[in-house]
Every structure is written in C-alpha cells, then in structure tokens.
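Colleague: My structure is in target.csv, and what it holds is CSV, C-alpha atoms:
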chain,number,residue,atom,x,y,z
Y,242,MET,CA,44.1,-36.7,16.3
Y,243,LYS,CA,41.8,-39.6,16.6
Y,244,LEU,CA,40.0,-40.3,19.9
Y,245,GLN,CA,38.2,-43.5,20.9
Y,246,THR,CA,35.1,-42.7,22.9
Y,247,THR,CA,32.4,-45.0,24.3
Y,248,ARG,CA,29.6,-42.5,23.5
Y,249,PHE,CA,30.6,-41.2,20.1
Y,250,GLY,CA,32.8,-44.0,18.7
Y,251,GLU,CA,36.0,-42.9,17.0
Y,252,ILE,CA,36.1,-39.2,16.5
Y,253,GLU,CA,38.6,-36.9,14.9
Y,254,ILE,CA,39.5,-33.9,17.1
Y,255,ASP,CA,41.6,-30.8,16.5
Y,256,GLU,CA,44.3,-30.8,19.1
Y,257,SER,CA,44.5,-27.1,19.2
Y,258,GLN,CA,40.9,-27.1,20.6
Y,259,ILE,CA,41.7,-29.2,23.6
Y,260,LEU,CA,40.8,-27.6,26.9
Y,261,LEU,CA,43.2,-27.8,29.9
Y,262,PHE,CA,41.5,-27.9,33.3
Y,263,VAL,CA,43.7,-25.9,35.7
Y,264,LYS,CA,41.5,-27.1,38.5
Y,265,PRO,CA,39.9,-30.4,38.2
Y,266,ILE,CA,36.3,-31.4,38.0
Y,267,LEU,CA,35.9,-32.7,41.6
Y,268,GLY,CA,36.2,-36.4,41.7
Y,269,PHE,CA,38.0,-36.6,38.3
Y,270,GLN,CA,41.4,-35.4,39.3
Y,271,ASN,CA,43.1,-37.5,36.8
Y,272,CYS,CA,41.4,-36.0,33.8
Y,273,GLN,CA,42.7,-32.6,32.8
Y,274,LYS,CA,42.1,-32.5,29.1
Y,275,PHE,CA,38.7,-32.2,27.5
Y,276,ILE,CA,37.1,-31.3,24.2
Y,277,LEU,CA,33.8,-29.6,23.6
Y,278,LEU,CA,31.5,-31.3,21.2
Y,279,PRO,CA,28.1,-29.9,20.1
Y,280,GLY,CA,25.1,-31.3,21.9
Y,281,PRO,CA,21.6,-31.9,20.4
Y,282,LYS,CA,20.7,-29.6,17.6
Y,283,ASP,CA,19.2,-26.3,18.6
Y,284,SER,CA,19.8,-26.9,22.3
Y,285,PRO,CA,22.0,-25.0,24.7
Y,286,LEU,CA,23.9,-28.2,25.4
Y,287,TRP,CA,27.5,-29.3,24.8
Y,288,TRP,CA,29.3,-32.5,25.4
Y,289,LEU,CA,32.5,-32.2,27.4
Y,290,GLN,CA,34.4,-35.3,26.3
Y,291,SER,CA,37.6,-36.3,28.2
Y,292,VAL,CA,40.6,-36.7,25.9
Y,293,GLU,CA,42.4,-38.9,28.4
Y,294,ASP,CA,39.5,-41.3,29.2
Y,295,GLY,CA,37.2,-42.2,26.3
Y,296,THR,CA,34.5,-43.4,28.7
Y,297,LEU,CA,34.2,-40.0,30.5
Y,298,ALA,CA,31.9,-37.3,29.2
Y,299,PHE,CA,29.6,-34.7,30.7
Y,300,LEU,CA,26.7,-32.7,29.3
Y,301,LEU,CA,27.2,-29.0,29.7
Y,302,LEU,CA,24.4,-26.5,29.8
Y,303,GLU,CA,24.9,-22.9,28.7
Y,304,THR,CA,23.3,-21.8,31.8
Y,305,LEU,CA,22.6,-18.2,30.9
Y,306,GLN,CA,20.4,-19.5,28.1
Y,307,VAL,CA,17.9,-20.8,30.6
Y,308,LEU,CA,18.7,-18.7,33.6
Y,309,GLN,CA,19.5,-15.2,32.6
Y,310,ASP,CA,20.1,-14.0,36.1
Y,311,TYR,CA,22.7,-16.6,36.9
Y,312,GLN,CA,25.9,-14.9,38.1
Y,313,VAL,CA,29.4,-16.2,38.7
Y,314,PRO,CA,31.4,-13.7,40.7
Y,315,PHE,CA,34.9,-14.0,39.3
Y,316,THR,CA,37.8,-13.0,41.5
Y,317,PRO,CA,41.0,-11.6,40.1
Y,318,GLN,CA,42.5,-14.9,41.0
Y,319,ASP,CA,40.0,-16.7,38.8
Y,320,LEU,CA,40.8,-14.4,35.9
Y,321,HIS,CA,44.5,-15.0,36.5
Y,322,GLU,CA,44.1,-18.8,36.5
Y,323,LEU,CA,42.3,-18.7,33.2
Y,324,GLN,CA,44.6,-16.0,31.8
Y,325,ALA,CA,41.6,-13.8,31.1
Y,326,THR,CA,41.7,-10.1,31.2
Y,327,SER,CA,38.0,-9.6,31.8
Y,328,PRO,CA,35.1,-11.8,33.0
Y,329,GLN,CA,33.5,-11.3,29.5
Y,330,GLU,CA,36.1,-13.6,28.0
Y,331,ILE,CA,34.9,-16.5,30.1
Y,332,SER,CA,32.1,-18.8,29.1
Y,333,ILE,CA,29.9,-20.2,31.8
Y,334,TYR,CA,28.4,-23.7,31.8
Y,335,THR,CA,26.9,-26.0,34.4
Y,336,LEU,CA,26.9,-29.8,34.5
Y,337,LEU,CA,23.6,-31.5,33.6
Y,338,VAL,CA,22.4,-34.6,35.4
Y,339,VAL,CA,20.0,-36.6,33.4
Y,340,PRO,CA,18.4,-39.4,35.5
Y,341,GLU,CA,15.7,-41.8,34.3
Y,342,ASP,CA,13.0,-39.6,35.7
Y,343,PRO,CA,12.9,-36.5,33.5
Y,344,THR,CA,11.4,-34.4,36.3
Y,345,LYS,CA,14.7,-35.0,38.1
Y,346,ILE,CA,16.8,-33.4,35.4
Y,347,ARG,CA,19.0,-30.9,37.2
Y,348,THR,CA,22.1,-28.8,37.0
Y,349,ASN,CA,24.7,-27.8,39.5
Y,350,LEU,CA,24.6,-24.0,39.9
Y,351,ARG,CA,27.0,-24.1,42.8
Y,352,ALA,CA,29.9,-25.5,40.8
Y,353,PRO,CA,30.0,-24.1,37.3
Y,354,ILE,CA,32.4,-25.1,34.6
Y,355,VAL,CA,34.1,-22.0,33.3
Y,356,ILE,CA,36.1,-21.8,30.1
Y,357,ASN,CA,38.3,-19.2,28.5
Y,358,ALA,CA,37.9,-20.2,24.8
Y,359,LYS,CA,40.8,-18.0,23.8
Y,360,THR,CA,43.5,-19.5,26.1
Y,361,ARG,CA,41.7,-23.0,26.2
Y,362,LEU,CA,41.9,-22.9,30.0
Y,363,ALA,CA,39.1,-24.1,32.1
Y,364,LYS,CA,38.1,-25.1,35.6
Y,365,GLN,CA,35.3,-26.1,37.9
Y,366,MET,CA,34.6,-23.3,40.3
Y,367,VAL,CA,33.0,-23.9,43.7
Y,368,LEU,CA,31.1,-20.7,44.5
Y,369,ASP,CA,31.2,-19.6,48.1
Y,370,ARG,CA,29.2,-16.8,49.6
Y,371,THR,CA,26.2,-17.7,47.4
Y,372,ASP,CA,23.1,-19.8,48.0
Y,373,TYR,CA,23.0,-21.4,44.5
Y,374,PRO,CA,22.0,-25.0,44.9
Y,375,VAL,CA,24.1,-28.1,43.9
Y,376,GLN,CA,20.8,-29.5,42.5
Y,377,TRP,CA,18.7,-27.1,40.6
Y,378,PHE,CA,15.8,-28.9,39.0
Y,379,LEU,CA,15.0,-27.6,35.5
Y,380,ALA,CA,11.4,-28.9,35.4
Y,381,GLN,CA,10.1,-27.7,38.6
Y,382,PRO,CA,8.3,-24.5,39.1
Y,383,GLN,CA,9.6,-24.0,42.6
Y,384,ASN,CA,12.9,-22.9,41.0
Y,385,GLU,CA,11.5,-19.5,41.1
Y,386,GLN,CA,14.2,-17.7,43.0
Y,387,PRO,CA,17.3,-19.9,43.0
Y,388,THR,CA,19.4,-17.4,44.9
Y,389,ASP,CA,17.0,-17.5,47.8
Y,390,ARG,CA,17.2,-21.3,48.2
Y,391,GLN,CA,18.9,-23.0,51.0
Y,392,GLU,CA,22.2,-24.5,50.1
Y,393,VAL,CA,22.4,-28.2,49.8
M,128,MET,CA,46.9,-32.6,62.6
M,129,LEU,CA,47.7,-29.7,64.8
M,130,VAL,CA,45.3,-29.5,67.8
M,131,LEU,CA,44.8,-26.3,69.7
M,132,THR,CA,42.4,-25.6,72.5
M,133,ARG,CA,40.4,-22.3,72.4
M,134,LYS,CA,37.8,-20.6,74.5
M,135,GLU,CA,34.9,-18.4,73.3
M,136,ASP,CA,36.2,-15.2,71.7
M,137,GLU,CA,39.6,-16.6,71.2
M,138,SER,CA,41.2,-16.9,67.8
M,139,ILE,CA,43.7,-18.7,65.7
M,140,MET,CA,45.7,-16.9,63.0
M,141,ILE,CA,46.7,-18.8,59.8
M,142,GLY,CA,49.4,-16.9,58.2
M,143,ASP,CA,49.1,-13.1,58.5
M,144,ASN,CA,45.6,-12.6,57.2
M,145,ILE,CA,43.3,-15.5,58.0
M,146,GLU,CA,41.7,-15.4,61.4
M,147,ILE,CA,39.5,-18.2,62.8
M,148,LYS,CA,37.5,-17.1,65.8
M,149,VAL,CA,35.4,-19.2,68.1
M,150,LEU,CA,32.3,-17.0,68.5
M,151,GLU,CA,29.9,-19.1,70.5
M,152,LEU,CA,29.8,-22.5,72.1
M,153,ARG,CA,26.6,-24.3,72.5
M,154,GLU,CA,25.8,-27.8,73.6
M,155,ASN,CA,27.2,-29.7,70.6
M,156,GLN,CA,27.7,-26.8,68.2
M,157,VAL,CA,30.4,-24.3,67.8
M,158,LYS,CA,29.9,-21.0,65.9
M,159,ILE,CA,33.1,-20.0,64.0
M,160,GLY,CA,33.9,-16.7,62.4
M,161,ILE,CA,36.4,-16.6,59.6
M,162,GLU,CA,38.2,-13.5,58.4
M,163,ALA,CA,40.0,-14.1,55.2
M,164,PRO,CA,40.8,-12.3,52.0
M,165,ARG,CA,38.2,-12.6,49.3
M,166,SER,CA,40.6,-14.6,47.2
M,167,ILE,CA,40.6,-17.4,49.7
M,168,PRO,CA,37.5,-19.7,49.2
M,169,VAL,CA,35.8,-20.8,52.3
M,170,HIS,CA,33.4,-23.8,52.2
M,171,ARG,CA,31.7,-26.2,54.5
M,172,LYS,CA,33.2,-29.6,53.6
M,173,GLU,CA,29.8,-31.1,52.9
M,174,ILE,CA,29.6,-28.8,49.9
M,175,TYR,CA,32.7,-30.3,48.4
M,176,LEU,CA,31.4,-33.8,49.0
M,177,SER,CA,28.0,-33.0,47.5
M,178,ILE,CA,29.6,-31.5,44.4
M,179,LYS,CA,31.8,-34.5,43.9
M,180,ALA,CA,28.8,-36.8,44.2
M,181,GLU,CA,26.8,-34.7,41.8
M,182,ASN,CA,29.7,-34.6,39.3
M,183,GLU,CA,29.8,-38.4,39.4
M,184,GLU,CA,26.1,-38.5,38.6
M,185,ALA,CA,26.6,-36.1,35.8
M,186,ALA,CA,29.3,-38.4,34.3
M,187,ARG,CA,26.7,-41.2,33.9
M,188,VAL,CA,24.9,-39.4,31.1
M,189,GLU,CA,24.6,-41.4,27.9
M,190,PRO,CA,23.6,-40.2,24.4
M,191,PRO,CA,21.2,-43.1,23.7
M,192,LYS,CA,19.2,-41.9,26.6
M,193,GLU,CA,16.6,-39.3,25.9
M,194,ILE,CA,18.6,-36.1,26.1
M,195,PRO,CA,16.2,-33.3,26.9
M,196,VAL,CA,15.8,-30.7,24.2
M,197,ILE,CA,16.1,-27.6,26.3
M,198,GLN,CA,15.0,-24.6,24.3
M,199,PRO,CA,16.7,-21.3,25.0
M,200,ASN,CA,14.3,-19.4,27.2
M,201,LYS,CA,14.5,-15.7,26.7
M,202,GLY,CA,11.8,-15.1,29.3
M,203,ASP,CA,11.6,-15.1,33.0
M,204,PRO,CA,13.2,-18.1,34.7
M,205,LYS,CA,10.0,-18.1,36.8
M,206,ASP,CA,8.1,-19.4,33.8
M,207,GLY,CA,10.0,-22.7,34.1
M,208,SER,CA,13.1,-23.5,32.2
M,209,THR,CA,12.3,-26.5,30.0
M,210,HIS,CA,10.1,-25.1,27.3
Can you give me the file's structure in the form of structure tokens?

Modeller:
Amino acid sequence: MKLQTTRFGEIEIDESQILLFVKPILGFQNCQKFILLPGPKDSPLWWLQSVEDGTLAFLLLETLQVLQDYQVPFTPQDLHELQATSPQEISIYTLLVVPEDPTKIRTNLRAPIVINAKTRLAKQMVLDRTDYPVQWFLAQPQNEQPTDRQEV
Amino acid sequence: MLVLTRKEDESIMIGDNIEIKVLELRENQVKIGIEAPRSIPVHRKEIYLSIKAENEEAARVEPPKEIPVIQPNKGDPKDGSTH
C-alpha cells in the first residue's frame, strides 16, 4: 500500500510488515500501527513511521549496539502480550531525541520499544524496579554506569 | 474516588493480592509499602508523565536535521557511546 508521510514523501509499504502496538507509545494512544524503515546507512537507527498519521515518526536506536549491558526484564505477561515464547524473540529499541544541540542527543532507557518481529506485535514498556533514566545522554562521559543513576 | 483513612501500619487490600501499607508518616510525606505480584507494574506517576513528555520530544525528529551517525560500539559503554 502507499503511504503519505511528511518526512519521506509517498512511500510504498508492505502491509504484512505493519507492526501493531498492543500497548501504545505514551501520549500517542491513537496510533497503533507503525512500520519500520531503515535509518541512516551503517547506523543502529531505524525510523518508526506511523501508518495512521503520516506526520508521526520516531527514530529508534538499537540500544544493545551502543549499550551492551542494557537489560529489559521481560515478565511472562510481556511475552504473552507479544505472543513470544522466549525473550530472545523480542527486539529491543529505545526512542532517540535529537535536539538542536548535539550534546543533548539522548535516548529513553526507562521506556523501551519492544518488538516481536515474528508476530508483528510491539509495545512501549515502562520499566519498574530499575533505575534506568528517561534521559540518557549519548555524548556525555558521565553515562558511565546508567544503572546506578537516579531515576528522573 | 474512594477515600479511606488509615493510620501508620494499617493497610488497604486491592483484590486478593495487592496490599498497600502506610509505613511511616512524617510532616508532609508518607512512606507507602506495596506488596503486589511481579506482573503488576508499580510506578510513581511522575515517571509516566516524564515518559510521555520525552516521547513527544522524540516525535519532533526530522530527517533534514543532522541525524547523528552513531557507530555500533563494541567496546565498553564507559568509553562514550557516540564514536
């Protein structure tokens, strides 16, 4: 199907690749369907383009590519919601914020976007019982031990 | 909203397996203990609000803007994550 977007113009998407968010991205309750588009070449970035709203897109970071110790503790309920049989089936991303000031580029480790590529089900998790920050700045050396940081 | 009055060390049960207990009262703070199954997420409300605000910031990203080229970093996150 064809999709009109403000960022990428008219794009052709494969309907079978549409992701369904079983829990919404907070603040965007009306948008449940998204499609993953490749980000800049050779980067661990993906675009998450809304299928229902051509003006809405996010940049996703493959978080484990830059932060190998990042851990998302999936509960049986999470697996059930995504129809996954094991956590290995689930891909983990975090939303990137790109302000004018490049030193302020950050990602939200507290609320990852998790996707089961097989079932095309996804959701934004809100991690509890962790200290991962909502704003984790990629450029700053004080990001040494994110799990020890105070919550925001 | 249901309003209940509790003293220190008194509890409220929500369903059969969620207990909310008033542990300590101080001048203008109350310490609350929550016993709930692991499958029930428990958050301070501010966390939700801050995530929502951050999501809205994230949605403002535009391709014409300089998108950082973030190289996969196989090393230690302590080295910094951008290069």

Colleague: With all atoms listed in the file as the atoms that count, which of M:Leu131, M:Glu184, M:Pro190, M:Gln156 lies nearest to Y:Pro340?

Modeller: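 With all atoms listed in the file as the atom set, the closest residue is M:Glu184.
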
Colleague: Which residues come within 6 Å of Y:Val292, counting only C-alpha atoms, excluding same-chain residues fewer than 2 positions away, as a PyMOL selection string?

Modeller: chain Y and resi 274-275+294

Colleague: Please determine the residues with any atom at most 10 Å from (40.5, -18.4, 48.6) (coordinates as given in the file, with all atoms listed in the file counting) and report them as a PyMOL selection string.

Modeller: (chain Y and resi 316+318-319+369) or (chain M and resi 163-170)

Colleague: Counting all atoms listed in the file, find residues at most 10 Å from (40.6, -21.6, 67.0) (file frame) and give them as number ranges by chain.

Modeller: M: 130-141, 146-150, 159-161

Colleague: Hey, can you spit out that residue selection with C-alpha atoms as a compact mmCIF listing (two decimals), keeping the file's coordinate frame?

Modeller:
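Full text of part-v6.txt as output:
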# COMPACT_ATOMS: atom_id res chain seq x y z
CA VAL M 130 45.30 -29.50 67.80
CA LEU M 131 44.80 -26.30 69.70
CA THR M 132 42.40 -25.60 72.50
CA ARG M 133 40.40 -22.30 72.40
CA LYS M 134 37.80 -20.60 74.50
CA GLU M 135 34.90 -18.40 73.30
CA ASP M 136 36.20 -15.20 71.70
CA GLU M 137 39.60 -16.60 71.20
CA SER M 138 41.20 -16.90 67.80
CA ILE M 139 43.70 -18.70 65.70
CA MET M 140 45.70 -16.90 63.00
CA ILE M 141 46.70 -18.80 59.80
CA GLU M 146 41.70 -15.40 61.40
CA ILE M 147 39.50 -18.20 62.80
CA LYS M 148 37.50 -17.10 65.80
CA VAL M 149 35.40 -19.20 68.10
CA LEU M 150 32.30 -17.00 68.50
CA ILE M 159 33.10 -20.00 64.00
CA GLY M 160 33.90 -16.70 62.40
CA ILE M 161 36.40 -16.60 59.60

Colleague: Between Y:Leu305, Y:Ile259, Y:Ala325, Y:Val367, which one has atoms that come closest to M:Ile178, using all atoms listed in the file?

Modeller: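 That would be Y:Val367, the residue with the smallest distance to M:Ile178.
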
Colleague: Enumerate as a compact mmCIF listing (two decimals) with C-alpha atoms, in the frame of the given file the residues belonging to chain Y that approach chain M to within 9 Å, with only C-alpha atoms taken into account.

Modeller:
# COMPACT_ATOMS: atom_id res chain seq x y z
CA ARG Y 248 29.60 -42.50 23.50
CA PHE Y 249 30.60 -41.20 20.10
CA ILE Y 266 36.30 -31.40 38.00
CA LEU Y 267 35.90 -32.70 41.60
CA GLY Y 268 36.20 -36.40 41.70
CA PHE Y 269 38.00 -36.60 38.30
CA PRO Y 281 21.60 -31.90 20.40
CA LYS Y 282 20.70 -29.60 17.60
CA ASP Y 283 19.20 -26.30 18.60
CA SER Y 284 19.80 -26.90 22.30
CA PRO Y 285 22.00 -25.00 24.70
CA LEU Y 286 23.90 -28.20 25.40
CA LEU Y 297 34.20 -40.00 30.50
CA ALA Y 298 31.90 -37.30 29.20
CA PHE Y 299 29.60 -34.70 30.70
CA LEU Y 300 26.70 -32.70 29.30
CA LEU Y 305 22.60 -18.20 30.90
CA GLN Y 306 20.40 -19.50 28.10
CA VAL Y 307 17.90 -20.80 30.60
CA LEU Y 308 18.70 -18.70 33.60
CA GLN Y 309 19.50 -15.20 32.60
CA ASP Y 310 20.10 -14.00 36.10
CA THR Y 316 37.80 -13.00 41.50
CA PRO Y 317 41.00 -11.60 40.10
CA GLN Y 318 42.50 -14.90 41.00
CA ASP Y 319 40.00 -16.70 38.80
CA LEU Y 336 26.90 -29.80 34.50
CA LEU Y 337 23.60 -31.50 33.60
CA VAL Y 338 22.40 -34.60 35.40
CA VAL Y 339 20.00 -36.60 33.40
CA PRO Y 340 18.40 -39.40 35.50
CA GLU Y 341 15.70 -41.80 34.30
CA PRO Y 343 12.90 -36.50 33.50
CA ILE Y 346 16.80 -33.40 35.40
CA THR Y 348 22.10 -28.80 37.00
CA ASN Y 349 24.70 -27.80 39.50
CA ARG Y 351 27.00 -24.10 42.80
CA ALA Y 352 29.90 -25.50 40.80
CA VAL Y 367 33.00 -23.90 43.70
CA LEU Y 368 31.10 -20.70 44.50
CA ASP Y 369 31.20 -19.60 48.10
CA ARG Y 370 29.20 -16.80 49.60
CA VAL Y 375 24.10 -28.10 43.90
CA GLN Y 376 20.80 -29.50 42.50
CA LEU Y 379 15.00 -27.60 35.50
CA ALA Y 380 11.40 -28.90 35.40
CA GLN Y 381 10.10 -27.70 38.60
CA PRO Y 382 8.30 -24.50 39.10
CA GLN Y 383 9.60 -24.00 42.60
CA ASN Y 384 12.90 -22.90 41.00
CA GLU Y 385 11.50 -19.50 41.10
CA GLN Y 386 14.20 -17.70 43.00
CA GLU Y 392 22.20 -24.50 50.10
CA VAL Y 393 22.40 -28.20 49.80
